[in-house]
Structure formats: structure tokens, C-alpha cells
Amino acid sequence: MNLPLALQIAGLLQILLLTAGAMMIRVVNLAHHMKALPVFHRQLFWTYLGFTGFTLFSLGLLTLLHAPELSLGRGLARGFNLFVCLFWTARLVIQFFVFDLRPFLTNRWLHAGHAALNLVFLYLPVVHGWAFLAPVDPTTPTLP
């Protein structure tokens with residue numbers, strides 16, 4: 001697989017993670033649990049959730065639309081790939097060492113979805129790490 005294609009797939013996966021996030025809200029019955037919180041805490045949580053969703057969408061869209069440039073290993077593209085690699089590496093660590101999802105994985109579909117998410121959470125830092133570590137293409141022009 002070539003790097004630009006791998007990055008395009010990564011961009012699409014990041015955008016599709018919004019669907020998983022929306023499903024998670026229903027699976028864990030979040031709205032019900034949030035009712036016990038004071039109004040400000042609910043507002044704060046929904047704001048954080050919105051910013052997280054916006055960040056995932058933005059990272060995904062930028063990766064999807066600019067995969068060829070991100071694969072060249074120059075300047076800002078290199079920094080972007082490092083940031084996204086670290087972002088998803090942190091999320092992967094949290095997935096395995098902080099979250100305990102066992103009470104919510106109540107059927108084989110939820111187990112399958114969880115396994116698929118883990119594969120996505122592994123794919124994203126690997127691809128962006130690959131893009132960060134890829135050698136600079138000497139045939140691409142640089143800015144003066």
C-alpha cells in the first residue's frame with residue numbers, strides 16, 4: 001500500500017469515528033446518566049464532546065484532502081503527522097489502560113465493534129507515524 005492511500009484511509013476512518021462516538025452515547029445511556037449532574041457540568045461535558053468531535057472531523061478531513069502533501073515529509077506536514085500520531089497513540093493507551101468497557105460489551109456485536117475500534121485506534125498512529133518517519137521526497141520543490 002502506498003502512503004498517500006494509507007493516509008486517505010486514515011482520514012476517512014477518523015471521520016467515521018464520529019459515528020462510533022454517536023453510537024457510544026446511546027450504548028452507555030449517557031443522556032440518562034448526565035441528568036444527575038448539575039446543568040453547568042452537563043453543558044461543559046457536551047461542549048467537550050463537541051470540540052472532540054470537531055477535532056476528529058478536522059483531523060480526518062485534513063488528512064483525507066491533503067494526503068499527498070502529508071506523505072512528502074516536509075515542514076508542517078511532518079509536524080501534523082507527528083501530532084496526529086501522538087494524539088492517537090495517547091487514545092490507544094487510554095483505550096487499553098484506563099477505560100473498562102466490560103460492563104457495556106453485552107453482546108457479540110458490541111464486542112465486534114469494540115475490536116474494530118481497537119484496530120482503527122491502532123491503524124491511525126501507525127500510518128501517521130509512518131508518514132512522520134518517511135524520508136523526505138527529494139524530487140518535490142521547496143518554498144524559497
# chains A, B, ... in the order shown; residues from 1 in each chain; ligands from 1
$ residues_around --residues "range 59-67 of chain A" --least-positions-apart "2" --cutoff "8 Å" --atoms "only C-alpha atoms" --output "list in words"
Pro4, Leu5, Leu7, Gln8, Ile9, Ala10, Gly11, Leu12, Leu13, Gln14, Ile15, Thr55, Leu56, Phe57, Glu69, Leu70, Ser71 and Val84 of chain A
$ closest_atom_pairs --of "range 68-98 of chain A" --to "range 118-140 of chain A" --cutoff "6 Å" --atoms "only C-alpha atoms" --output "Markdown table"
| residue | atom | partner | partner_atom | distance |
| --- | --- | --- | --- | --- |
| A:Ser71 | CA | A:Ala131 | CA | 5.5 |
| A:Leu72 | CA | A:Asp137 | CA | 5.6 |
| A:Gly73 | CA | A:Val136 | CA | 4.8 |
| A:Arg78 | CA | A:Phe132 | CA | 5.2 |
| A:Asn81 | CA | A:His128 | CA | 5.0 |
| A:Leu82 | CA | A:Phe132 | CA | 5.7 |
| A:Cys85 | CA | A:Pro125 | CA | 4.2 |
| A:Trp88 | CA | A:Pro125 | CA | 5.3 |
| A:Thr89 | CA | A:Pro125 | CA | 5.6 |
| A:Leu92 | CA | A:Phe121 | CA | 5.7 |
$ closest_residue --among "A:Gly21, A:Phe45, A:Phe96, A:His114" --to "His33 in chain A" --atoms "only C-alpha atoms"
A:Phe45
$ closest_residue --among "A:Leu30, A:Leu16, A:Gly50, A:Gln43" --to "Phe104 in chain A" --atoms "only C-alpha atoms"
A:Leu30
$ select_by_dssp --residues "chain A" --states "alpha helix (DSSP H)" --output "count of residues only"
110
